[in-house]
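Printed here is input.tsv (TSV, C-alpha atoms):
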chain	number	residue	atom	x	y	z
A	1	MET	CA	27.21	38.05	-22.58
A	2	SER	CA	27.35	37.29	-26.25
A	3	ILE	CA	27.23	33.83	-27.73
A	4	HIS	CA	29.07	32.83	-30.86
A	5	ARG	CA	28.02	30.35	-33.47
A	6	ARG	CA	30.46	27.70	-32.31
A	7	GLY	CA	29.39	28.07	-28.66
A	8	PHE	CA	25.73	27.83	-29.61
A	9	ILE	CA	26.25	24.62	-31.57
A	10	GLN	CA	28.27	23.12	-28.71
A	11	ILE	CA	25.57	23.88	-26.16
A	12	ALA	CA	22.81	22.61	-28.48
A	13	GLY	CA	24.73	19.38	-29.12
A	14	ALA	CA	25.29	18.80	-25.42
A	15	ALA	CA	21.58	19.41	-24.73
A	16	CYS	CA	20.55	16.91	-27.41
A	17	ALA	CA	22.95	14.28	-26.03
A	18	LEU	CA	21.60	14.82	-22.52
A	19	ALA	CA	18.01	14.56	-23.74
A	20	LYS	CA	18.82	11.30	-25.53
A	21	LEU	CA	20.50	9.93	-22.41
A	22	ALA	CA	17.51	10.86	-20.27
A	23	LYS	CA	15.18	9.24	-22.78
A	24	GLY	CA	17.28	6.10	-22.89
A	25	ALA	CA	16.88	5.72	-19.13
A	26	ASN	CA	13.14	5.30	-19.56
A	27	THR	CA	11.33	2.06	-19.12
A	28	ARG	CA	9.92	0.48	-22.27
A	29	TRP	CA	7.40	-2.16	-21.36
A	30	ALA	CA	6.99	-5.05	-23.76
A	31	MET	CA	5.53	-8.53	-23.90
A	32	VAL	CA	6.97	-11.62	-25.56
A	33	ILE	CA	4.74	-14.60	-26.29
A	34	ASP	CA	6.38	-17.95	-26.79
A	35	GLN	CA	4.11	-19.58	-29.34
A	36	GLN	CA	5.56	-23.07	-28.80
A	37	LYS	CA	4.95	-23.00	-25.05
A	38	CYS	CA	1.51	-21.46	-25.51
A	39	LEU	CA	0.42	-24.15	-27.98
A	40	LYS	CA	1.39	-26.99	-25.63
A	41	GLU	CA	-1.96	-26.56	-23.94
A	42	GLU	CA	-4.19	-25.47	-26.73
A	43	ASN	CA	-7.41	-25.21	-24.71
A	44	CYS	CA	-5.88	-23.30	-21.82
A	45	ASP	CA	-7.52	-19.94	-21.16
A	46	LYS	CA	-6.10	-19.09	-17.75
A	47	CYS	CA	-4.67	-15.77	-18.95
A	48	ILE	CA	-7.99	-14.71	-20.47
A	49	LYS	CA	-9.89	-15.67	-17.32
A	50	ALA	CA	-7.40	-13.85	-15.08
A	51	CYS	CA	-7.70	-10.68	-17.16
A	52	THR	CA	-11.49	-10.83	-17.24
A	53	LYS	CA	-11.67	-11.21	-13.47
A	54	THR	CA	-9.05	-8.57	-12.68
A	55	HIS	CA	-10.50	-5.88	-14.91
A	56	ASN	CA	-14.24	-6.57	-14.75
A	57	VAL	CA	-14.36	-7.32	-18.47
A	58	PRO	CA	-17.96	-8.07	-19.48
A	59	GLU	CA	-18.59	-11.41	-21.16
A	60	ILE	CA	-20.97	-10.58	-23.99
A	61	HIS	CA	-21.43	-13.43	-26.43
A	62	ASP	CA	-23.07	-11.35	-29.17
A	63	ARG	CA	-20.14	-10.71	-31.56
A	64	ALA	CA	-21.45	-7.28	-32.52
A	65	HIS	CA	-21.31	-6.12	-28.89
A	66	GLU	CA	-18.50	-8.19	-27.40
A	67	VAL	CA	-15.75	-6.58	-25.32
A	68	LYS	CA	-12.25	-8.01	-25.65
A	69	TRP	CA	-9.06	-7.28	-23.76
A	70	ILE	CA	-7.16	-10.47	-24.53
A	71	TRP	CA	-8.45	-13.15	-26.85
A	72	LYS	CA	-7.40	-15.90	-29.26
A	73	GLU	CA	-7.13	-15.39	-33.00
A	74	ARG	CA	-6.21	-17.86	-35.74
A	75	PHE	CA	-2.51	-17.46	-36.51
A	76	GLU	CA	-2.92	-16.64	-40.21
A	77	ASN	CA	-5.55	-14.01	-39.41
A	78	ALA	CA	-3.51	-12.35	-36.69
A	79	PHE	CA	-0.42	-12.08	-38.87
A	80	ASN	CA	-1.99	-11.56	-42.27
A	81	ALA	CA	0.57	-14.06	-43.50
A	82	GLU	CA	0.74	-15.31	-47.06
A	83	SER	CA	2.35	-18.55	-46.07
A	84	VAL	CA	2.15	-20.12	-42.65
A	85	PRO	CA	4.10	-23.14	-41.43
A	86	ALA	CA	1.82	-26.14	-41.06
A	87	VAL	CA	2.47	-26.31	-37.30
A	88	LEU	CA	0.94	-22.88	-36.86
A	89	GLN	CA	-1.79	-23.00	-39.52
A	90	GLY	CA	-5.21	-22.64	-37.89
A	91	LYS	CA	-3.71	-22.60	-34.41
A	92	PRO	CA	-4.77	-20.00	-31.88
A	93	VAL	CA	-2.53	-17.09	-30.98
A	94	LEU	CA	-3.06	-14.71	-28.07
A	95	THR	CA	-3.85	-11.19	-29.16
A	96	PHE	CA	-4.38	-8.00	-27.21
A	97	CYS	CA	-3.40	-4.32	-27.36
A	98	ASN	CA	0.08	-4.08	-28.88
A	99	HIS	CA	0.94	-0.87	-27.01
A	100	CYS	CA	2.43	0.43	-30.24
A	101	ASP	CA	5.37	2.82	-30.28
A	102	ASN	CA	3.51	4.76	-32.95
A	103	PRO	CA	-0.11	4.24	-31.91
A	104	PRO	CA	-2.71	5.29	-34.51
A	105	CYS	CA	-5.45	5.29	-31.83
A	106	VAL	CA	-3.66	8.04	-29.94
A	107	ARG	CA	-3.29	10.15	-33.05
A	108	VAL	CA	-7.02	10.16	-33.77
A	109	CYS	CA	-8.40	10.58	-30.24
A	110	PRO	CA	-10.00	14.05	-30.14
A	111	THR	CA	-10.02	14.36	-26.34
A	112	GLN	CA	-6.67	12.77	-25.45
A	113	ALA	CA	-8.59	10.13	-23.56
A	114	THR	CA	-5.99	7.72	-24.87
A	115	TRP	CA	-2.33	8.61	-24.89
A	116	LYS	CA	1.11	7.07	-24.79
A	117	ARG	CA	2.90	7.17	-21.47
A	118	SER	CA	6.67	7.65	-21.24
A	119	ASP	CA	7.05	3.95	-20.33
A	120	GLY	CA	5.34	2.96	-23.60
A	121	ILE	CA	1.93	1.99	-22.24
A	122	VAL	CA	-0.92	3.20	-24.40
A	123	MET	CA	-3.14	4.31	-21.55
A	124	MET	CA	-6.83	5.15	-21.41
A	125	ASP	CA	-8.67	7.71	-19.30
A	126	TRP	CA	-12.22	6.41	-19.29
A	127	HIS	CA	-13.41	9.59	-17.60
A	128	ARG	CA	-12.44	11.51	-20.69
A	129	CYS	CA	-13.66	9.11	-23.40
A	130	ILE	CA	-16.60	10.57	-25.31
A	131	GLY	CA	-17.30	7.36	-27.21
A	132	CYS	CA	-16.61	8.70	-30.71
A	133	ARG	CA	-14.95	5.34	-31.65
A	134	TYR	CA	-12.29	6.96	-33.86
A	135	CYS	CA	-9.71	4.86	-32.02
A	136	VAL	CA	-11.68	1.67	-32.69
A	137	ALA	CA	-11.56	2.49	-36.39
A	138	ALA	CA	-7.89	3.47	-36.28
A	139	CYS	CA	-6.56	0.39	-34.48
A	140	PRO	CA	-5.46	-2.12	-37.14
A	141	TYR	CA	-5.50	-4.98	-34.62
A	142	GLY	CA	-9.11	-4.79	-33.40
A	143	SER	CA	-7.80	-4.34	-29.87
A	144	ARG	CA	-10.41	-1.80	-28.84
A	145	SER	CA	-14.00	-2.54	-27.88
A	146	PHE	CA	-16.92	-0.19	-27.48
A	147	ASN	CA	-19.55	-0.56	-24.79
A	148	TRP	CA	-22.81	-0.41	-26.71
A	149	SER	CA	-24.77	-1.02	-23.51
A	150	ASP	CA	-24.20	-1.01	-19.75
A	151	PRO	CA	-21.57	-3.73	-19.27
A	152	ARG	CA	-22.40	-4.48	-15.63
A	153	PRO	CA	-25.07	-7.14	-16.21
A	154	TYR	CA	-22.45	-9.11	-18.19
A	155	ILE	CA	-19.83	-9.12	-15.44
A	156	HIS	CA	-20.22	-12.32	-13.49
A	157	GLU	CA	-17.79	-11.65	-10.67
A	158	LEU	CA	-17.35	-7.99	-9.82
A	159	ASN	CA	-13.89	-7.03	-8.54
A	160	SER	CA	-14.30	-3.96	-6.35
A	161	ASP	CA	-10.61	-3.02	-6.63
A	162	TYR	CA	-11.05	-2.08	-10.28
A	163	PRO	CA	-13.78	0.04	-11.88
A	164	THR	CA	-16.11	-1.25	-14.53
A	165	ARG	CA	-16.76	0.81	-17.62
A	166	THR	CA	-20.02	2.36	-18.64
A	167	LYS	CA	-22.16	2.62	-21.73
A	168	GLY	CA	-20.55	4.71	-24.46
A	169	VAL	CA	-16.91	4.17	-23.47
A	170	VAL	CA	-14.13	2.39	-25.36
A	171	GLU	CA	-11.92	-0.05	-23.47
A	172	LYS	CA	-8.83	-2.19	-24.03
A	173	CYS	CA	-5.84	-3.82	-22.36
A	174	THR	CA	-3.70	-1.41	-20.30
A	175	PHE	CA	-0.78	-3.81	-19.66
A	176	CYS	CA	-2.12	-3.92	-16.09
A	177	GLU	CA	-0.63	-0.53	-15.30
A	178	GLU	CA	-2.37	-0.60	-11.91
A	179	ARG	CA	-0.51	-3.81	-11.07
A	180	LEU	CA	2.83	-2.53	-12.47
A	181	ALA	CA	2.50	0.41	-10.07
A	182	LYS	CA	2.54	-2.12	-7.24
A	183	ASN	CA	5.53	-3.99	-8.74
A	184	GLN	CA	3.31	-6.88	-9.80
A	185	LEU	CA	3.36	-8.57	-13.20
A	186	PRO	CA	0.33	-8.27	-15.49
A	187	ALA	CA	-2.48	-10.62	-14.46
A	188	CYS	CA	-2.23	-12.74	-17.64
A	189	VAL	CA	1.52	-13.24	-17.23
A	190	GLU	CA	1.06	-14.25	-13.61
A	191	ALA	CA	-1.71	-16.70	-14.54
A	192	CYS	CA	0.31	-18.43	-17.29
A	193	LYS	CA	1.67	-21.59	-15.76
A	194	ALA	CA	3.49	-22.56	-18.97
A	195	LYS	CA	5.50	-19.31	-18.78
A	196	ALA	CA	4.55	-18.62	-22.38
A	197	MET	CA	4.09	-14.92	-21.65
A	198	VAL	CA	7.13	-12.87	-20.69
A	199	PHE	CA	6.84	-9.27	-19.62
A	200	GLY	CA	9.54	-6.73	-18.92
A	201	ASP	CA	11.57	-3.66	-19.81
A	202	LEU	CA	13.09	-3.72	-23.31
A	203	ASN	CA	15.55	-0.99	-22.34
A	204	ASP	CA	17.07	-3.23	-19.70
A	205	PRO	CA	19.58	-5.57	-21.40
A	206	GLN	CA	19.28	-8.05	-18.51
A	207	SER	CA	15.47	-8.23	-18.61
A	208	GLU	CA	13.56	-11.44	-19.31
A	209	VAL	CA	12.04	-9.99	-22.48
A	210	ARG	CA	15.43	-9.03	-23.89
A	211	LYS	CA	16.74	-12.54	-23.21
A	212	ALA	CA	13.63	-14.12	-24.75
A	213	LEU	CA	13.95	-11.95	-27.87
A	214	GLY	CA	17.62	-12.90	-28.16
A	215	SER	CA	16.81	-16.59	-28.03
A	216	ARG	CA	14.63	-17.07	-31.12
A	217	PHE	CA	13.18	-15.37	-34.16
A	218	ALA	CA	10.29	-13.08	-33.26
A	219	LEU	CA	7.37	-11.61	-35.20
A	220	ARG	CA	5.31	-8.49	-34.67
A	221	ARG	CA	1.79	-8.09	-36.04
A	222	LYS	CA	1.40	-6.13	-39.30
A	223	PRO	CA	4.87	-4.51	-39.29
A	224	GLU	CA	4.17	-2.99	-42.72
A	225	LEU	CA	1.86	-0.45	-41.08
A	226	GLY	CA	4.68	1.14	-39.09
A	227	THR	CA	2.85	1.08	-35.78
A	228	LYS	CA	5.81	-0.64	-34.09
A	229	PRO	CA	4.01	-3.00	-31.71
A	230	GLU	CA	5.59	-3.81	-28.36
A	231	VAL	CA	4.17	-7.33	-28.33
A	232	TYR	CA	6.48	-9.92	-29.86
A	233	TYR	CA	5.74	-13.52	-30.84
A	234	LEU	CA	8.47	-16.16	-30.73
A	235	VAL	CA	7.74	-18.62	-33.54
B	1	MET	CA	-55.18	55.07	-1.50
B	2	ARG	CA	-58.79	53.94	-1.61
B	3	ASP	CA	-57.78	50.40	-2.67
B	4	ARG	CA	-55.19	49.98	0.08
B	5	GLY	CA	-57.11	47.11	1.66
B	6	ILE	CA	-57.51	45.20	-1.59
B	7	ILE	CA	-53.87	45.70	-2.59
B	8	LEU	CA	-52.46	44.65	0.78
B	9	SER	CA	-54.70	41.60	1.06
B	10	GLY	CA	-53.82	40.69	-2.53
B	11	LEU	CA	-50.12	40.99	-1.71
B	12	GLY	CA	-50.68	38.89	1.40
B	13	ILE	CA	-52.39	36.11	-0.60
B	14	PHE	CA	-49.63	36.29	-3.18
B	15	LEU	CA	-46.93	35.88	-0.51
B	16	VAL	CA	-48.74	32.94	1.07
B	17	LEU	CA	-49.12	31.24	-2.31
B	18	ILE	CA	-45.55	31.79	-3.43
B	19	THR	CA	-44.13	30.46	-0.17
B	20	PHE	CA	-46.60	27.58	-0.19
B	21	PRO	CA	-43.97	24.83	-0.77
B	22	VAL	CA	-42.08	26.01	2.32
B	23	TRP	CA	-45.23	26.04	4.51
B	24	TRP	CA	-46.29	22.71	3.19
B	25	ASP	CA	-42.93	21.11	4.03
B	26	ILE	CA	-42.92	22.65	7.52
B	27	ALA	CA	-46.44	21.35	8.09
B	28	GLN	CA	-45.31	17.91	7.00
B	29	GLY	CA	-42.34	18.15	9.35
B	30	LYS	CA	-39.71	17.29	6.79
B	31	SER	CA	-38.26	20.64	5.87
B	32	SER	CA	-34.98	22.21	6.91
B	33	LYS	CA	-33.93	19.06	8.71
B	34	PRO	CA	-30.38	18.31	7.65
B	35	PRO	CA	-29.84	14.72	6.58
B	36	GLU	CA	-28.71	12.30	9.26
B	37	LEU	CA	-25.43	10.97	8.04
B	38	LYS	CA	-23.92	7.74	9.25
B	39	LEU	CA	-20.36	8.63	10.19
B	40	PRO	CA	-17.51	6.11	10.04
B	41	VAL	CA	-17.36	3.90	13.12
B	42	THR	CA	-13.64	3.30	13.44
B	43	ALA	CA	-11.89	6.05	11.46
B	44	LYS	CA	-11.97	9.44	13.13
B	45	GLN	CA	-9.97	11.50	10.68
B	46	CYS	CA	-10.59	12.19	7.02
B	47	VAL	CA	-7.86	12.77	4.41
B	48	ALA	CA	-8.58	16.50	4.73
B	49	PRO	CA	-10.29	18.71	7.36
B	50	VAL	CA	-14.05	18.17	7.57
B	51	GLU	CA	-14.88	21.75	6.59
B	52	PHE	CA	-12.78	21.42	3.45
B	53	MET	CA	-14.34	18.08	2.57
B	54	LYS	CA	-17.87	19.47	3.01
B	55	THR	CA	-17.31	22.15	0.42
B	56	SER	CA	-14.58	20.75	-1.82
B	57	HIS	CA	-14.59	16.94	-1.80
B	58	MET	CA	-15.41	16.98	-5.50
B	59	GLN	CA	-12.32	19.04	-6.36
B	60	LEU	CA	-10.20	16.71	-4.25
B	61	LEU	CA	-11.59	13.68	-6.06
B	62	VAL	CA	-10.98	15.26	-9.46
B	63	GLU	CA	-7.38	16.02	-8.43
B	64	TRP	CA	-6.96	12.41	-7.30
B	65	ARG	CA	-8.37	11.17	-10.58
B	66	GLU	CA	-5.98	13.30	-12.65
B	67	ALA	CA	-3.01	12.33	-10.49
B	68	VAL	CA	-3.67	8.59	-10.68
B	69	VAL	CA	-4.87	8.17	-14.25
B	70	ARG	CA	-2.83	10.78	-16.07
B	71	ASN	CA	0.32	11.01	-13.94
B	72	GLY	CA	0.44	7.61	-12.27
B	73	ASP	CA	0.86	9.29	-8.87
B	74	ARG	CA	-1.09	7.10	-6.45
B	75	THR	CA	0.06	8.30	-3.04
B	76	PHE	CA	-1.64	11.18	-1.28
B	77	HIS	CA	0.13	13.01	1.54
B	78	SER	CA	-2.52	14.46	3.78
B	79	TYR	CA	-2.35	17.69	5.78
B	80	ASP	CA	-1.60	15.78	9.01
B	81	GLY	CA	1.38	13.95	7.54
B	82	LYS	CA	-0.33	10.63	6.83
B	83	THR	CA	-0.21	8.92	3.47
B	84	TYR	CA	-3.18	7.39	1.69
B	85	ALA	CA	-3.74	5.59	-1.59
B	86	ARG	CA	-5.62	7.85	-3.99
B	87	SER	CA	-8.56	5.49	-4.42
B	88	LEU	CA	-12.26	6.22	-4.21
B	89	THR	CA	-13.27	2.62	-3.51
B	90	GLY	CA	-10.08	1.51	-1.77
B	91	THR	CA	-9.56	4.45	0.58
B	92	CYS	CA	-12.83	6.41	0.90
B	93	LEU	CA	-15.28	3.52	0.92
B	94	LYS	CA	-13.33	0.54	2.19
B	95	GLN	CA	-11.44	2.33	4.97
B	96	CYS	CA	-14.09	4.75	6.25
B	97	HIS	CA	-17.44	5.24	4.60
B	98	GLU	CA	-18.51	1.65	4.34
B	99	ASN	CA	-22.09	2.75	4.06
B	100	LYS	CA	-22.22	4.89	0.95
B	101	ALA	CA	-26.02	4.87	0.90
B	102	GLU	CA	-26.25	6.50	4.32
B	103	PHE	CA	-23.39	8.94	3.82
B	104	CYS	CA	-22.75	10.01	0.24
B	105	ASP	CA	-26.19	9.29	-1.19
B	106	ARG	CA	-28.20	10.71	1.72
B	107	CYS	CA	-26.54	14.13	1.54
B	108	HIS	CA	-26.53	14.18	-2.25
B	109	SER	CA	-30.24	13.48	-2.47
B	110	TYR	CA	-30.96	16.12	0.22
B	111	ALA	CA	-29.00	18.67	-1.79
B	112	GLY	CA	-30.77	17.61	-4.98
B	113	GLU	CA	-27.38	16.69	-6.44
B	114	GLN	CA	-28.01	13.56	-8.44
B	115	GLY	CA	-25.32	14.46	-10.94
B	116	PRO	CA	-22.06	12.65	-10.31
B	117	TYR	CA	-21.86	9.38	-12.21
B	118	CYS	CA	-18.86	8.05	-10.26
B	119	TRP	CA	-20.76	4.87	-9.42
B	120	ASP	CA	-21.62	4.01	-13.00
B	121	CYS	CA	-18.07	2.62	-13.08
B	122	HIS	CA	-16.53	2.67	-9.60
B	123	VAL	CA	-17.74	-0.17	-7.46
B	124	ASP	CA	-19.46	0.23	-4.10
B	125	PRO	CA	-18.24	-2.80	-2.09
B	126	ALA	CA	-21.44	-2.78	0.02
B	127	LYS	CA	-23.50	-3.31	-3.12
B	128	LEU	CA	-21.19	-6.14	-4.07
B	129	THR	CA	-22.31	-8.31	-1.16
B	130	LEU	CA	-25.91	-7.38	-1.81
B	131	ARG	CA	-25.51	-8.51	-5.37
B	132	SER	CA	-23.94	-11.87	-4.58
B	133	SER	CA	-26.49	-12.63	-1.83
B	134	ARG	CA	-29.33	-12.22	-4.27
For the structure just supplied, provide its representation as structure tokens.
Amino acid sequence: MSIHRRGFIQIAGAACALAKLAKGANTRWAMVIDQQKCLKEENCDKCIKACTKTHNVPEIHDRAHEVKWIWKERFENAFNAESVPAVLQGKPVLTFCNHCDNPPCVRVCPTQATWKRSDGIVMMDWHRCIGCRYCVAACPYGSRSFNWSDPRPYIHELNSDYPTRTKGVVEKCTFCEERLAKNQLPACVEACKAKAMVFGDLNDPQSEVRKALGSRFALRRKPELGTKPEVYYLV
Amino acid sequence: MRDRGIILSGLGIFLVLITFPVWWDIAQGKSSKPPELKLPVTAKQCVAPVEFMKTSHMQLLVEWREAVVRNGDRTFHSYDGKTYARSLTGTCLKQCHENKAEFCDRCHSYAGEQGPYCWDCHVDPAKLTLRSSR
């Protein structure tokens, strides 16, 4: 059978369209944080506590050694903003891994211990991490922490359903992929009584996150870097 | 052949000396005794045949690890048609081998296999109670 130029182009076009369709059917996990709702209770740290407990995050108070999955940052620092509305100036904003569409940490990892899943989660394989800390240097959001020492003495309440990490391994938020696998929401979202954190599939037009993003103006952190974060802040 | 006696007795002494650790252990009564493992009380069937697990549990665990972490595939269909969660702590320890120290550790230390660092990260639930009671 011979194939002519026109036939080849037709088949190639159909294949590309199919591939795009298949890709469009994918899940694209994202988080939306409603800054107004979050600021109503400024001293609330339920989400941080829930995350720490669920994932055995060590609580190290030495800033040089601390391990952070989700934490609070001053608004103007998180967004690198030149001008900040007075209502947000100096106020805390929740920050964690942005699960970027174009993650610089993934590009630099020499062992593919961190990689981007088809549903958008920037995942980590702690078995494979060699502790080179390239990803820590590459992440422009400071979302990755290195274990300079054995973290276990700093974990106050060990959760046996989730592993700890060990000395020499980098860790970060995984969007609770182990909970998503069981059709549960991320621990922080579940813990937020003010419903300031919304989690869902951006590719689903009916999803909570899509509706939240349609409701108000949203910011992403450091958009000029082209990392395309999947964490949005309603301001 | 004049030195036959000297050579043979020398060889004999050499053999005794080189096998000394074996004799010593036999004399102490601790050699060649396989470790006494504490088998699960309730569960009677492992996720794979016992013979396979004895020789290849490490390969199985590595396959589980790859499946869960890299492919997000958490369900294991065993040879006898049952399904299990691919989880070292959740399935292996919590459902069967509640006493890791008298099962995993005992055999590993007998075999001189101190290598696997699974427990640097994965949590042994038995140790958890020990820790909180302290």
Legend entry - Neighbour list for Ala67 of chain B as an MDAnalysis selection string, cut-off 12 Å, all atoms listed in the file, skip fewer than 4 positions in-chain: (chainID A and resid 125) or (chainID B and resid 60:63 71:76 85:87)
Prev. selection, C-alpha atoms, output as a PDB file, in the frame of the given file:
ATOM      1  CA  ASP A 125      -8.670   7.710 -19.300  1.00  0.00           C
TER       2      ASP A 125
ATOM      3  CA  LEU B  60     -10.200  16.710  -4.250  1.00  0.00           C
ATOM      4  CA  LEU B  61     -11.590  13.680  -6.060  1.00  0.00           C
ATOM      5  CA  VAL B  62     -10.980  15.260  -9.460  1.00  0.00           C
ATOM      6  CA  GLU B  63      -7.380  16.020  -8.430  1.00  0.00           C
ATOM      7  CA  ASN B  71       0.320  11.010 -13.940  1.00  0.00           C
ATOM      8  CA  GLY B  72       0.440   7.610 -12.270  1.00  0.00           C
ATOM      9  CA  ASP B  73       0.860   9.290  -8.870  1.00  0.00           C
ATOM     10  CA  ARG B  74      -1.090   7.100  -6.450  1.00  0.00           C
ATOM     11  CA  THR B  75       0.060   8.300  -3.040  1.00  0.00           C
ATOM     12  CA  PHE B  76      -1.640  11.180  -1.280  1.00  0.00           C
ATOM     13  CA  ALA B  85      -3.740   5.590  -1.590  1.00  0.00           C
ATOM     14  CA  ARG B  86      -5.620   7.850  -3.990  1.00  0.00           C
ATOM     15  CA  SER B  87      -8.560   5.490  -4.420  1.00  0.00           C
TER      16      SER B  87
END
Inset, instruction - For chain B, work out the contacting residues on chain A at 6 Å, counting only C-alpha atoms, and write them as number ranges by chain. - result: A: 160, 163-166
Next, dump the selected residues to file, keeping only C-alpha atoms, as a PDB file, in the coordinates of the input.
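part-v5.pdb written:
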ATOM      1  CA  SER A 160     -14.300  -3.960  -6.350  1.00  0.00           C
ATOM      2  CA  PRO A 163     -13.780   0.040 -11.880  1.00  0.00           C
ATOM      3  CA  THR A 164     -16.110  -1.250 -14.530  1.00  0.00           C
ATOM      4  CA  ARG A 165     -16.760   0.810 -17.620  1.00  0.00           C
ATOM      5  CA  THR A 166     -20.020   2.360 -18.640  1.00  0.00           C
TER       6      THR A 166
END
Legend entry - Spatial neighbours of segment 145-152 of chain A, 10 Å, only C-alpha atoms, chain gap at least 4 places, as a ChimeraX atom specification: /A:56-60,64-69,131-133,135-136,156-158,164-173 /B:120-121
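Distances to Val93 of chain A were evaluated for A:Lys72, A:Trp115, A:Arg220, A:Gly120 using only C-alpha atoms, and the minimum falls at A:Lys72.
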Legend entry - Near-segment 32-46 of chain B list (12 Å; all atoms listed in the file; drop same-chain fewer than 5 positions) as number ranges by chain: B: 22-27, 51-54, 57, 78-80, 82-84, 91-112
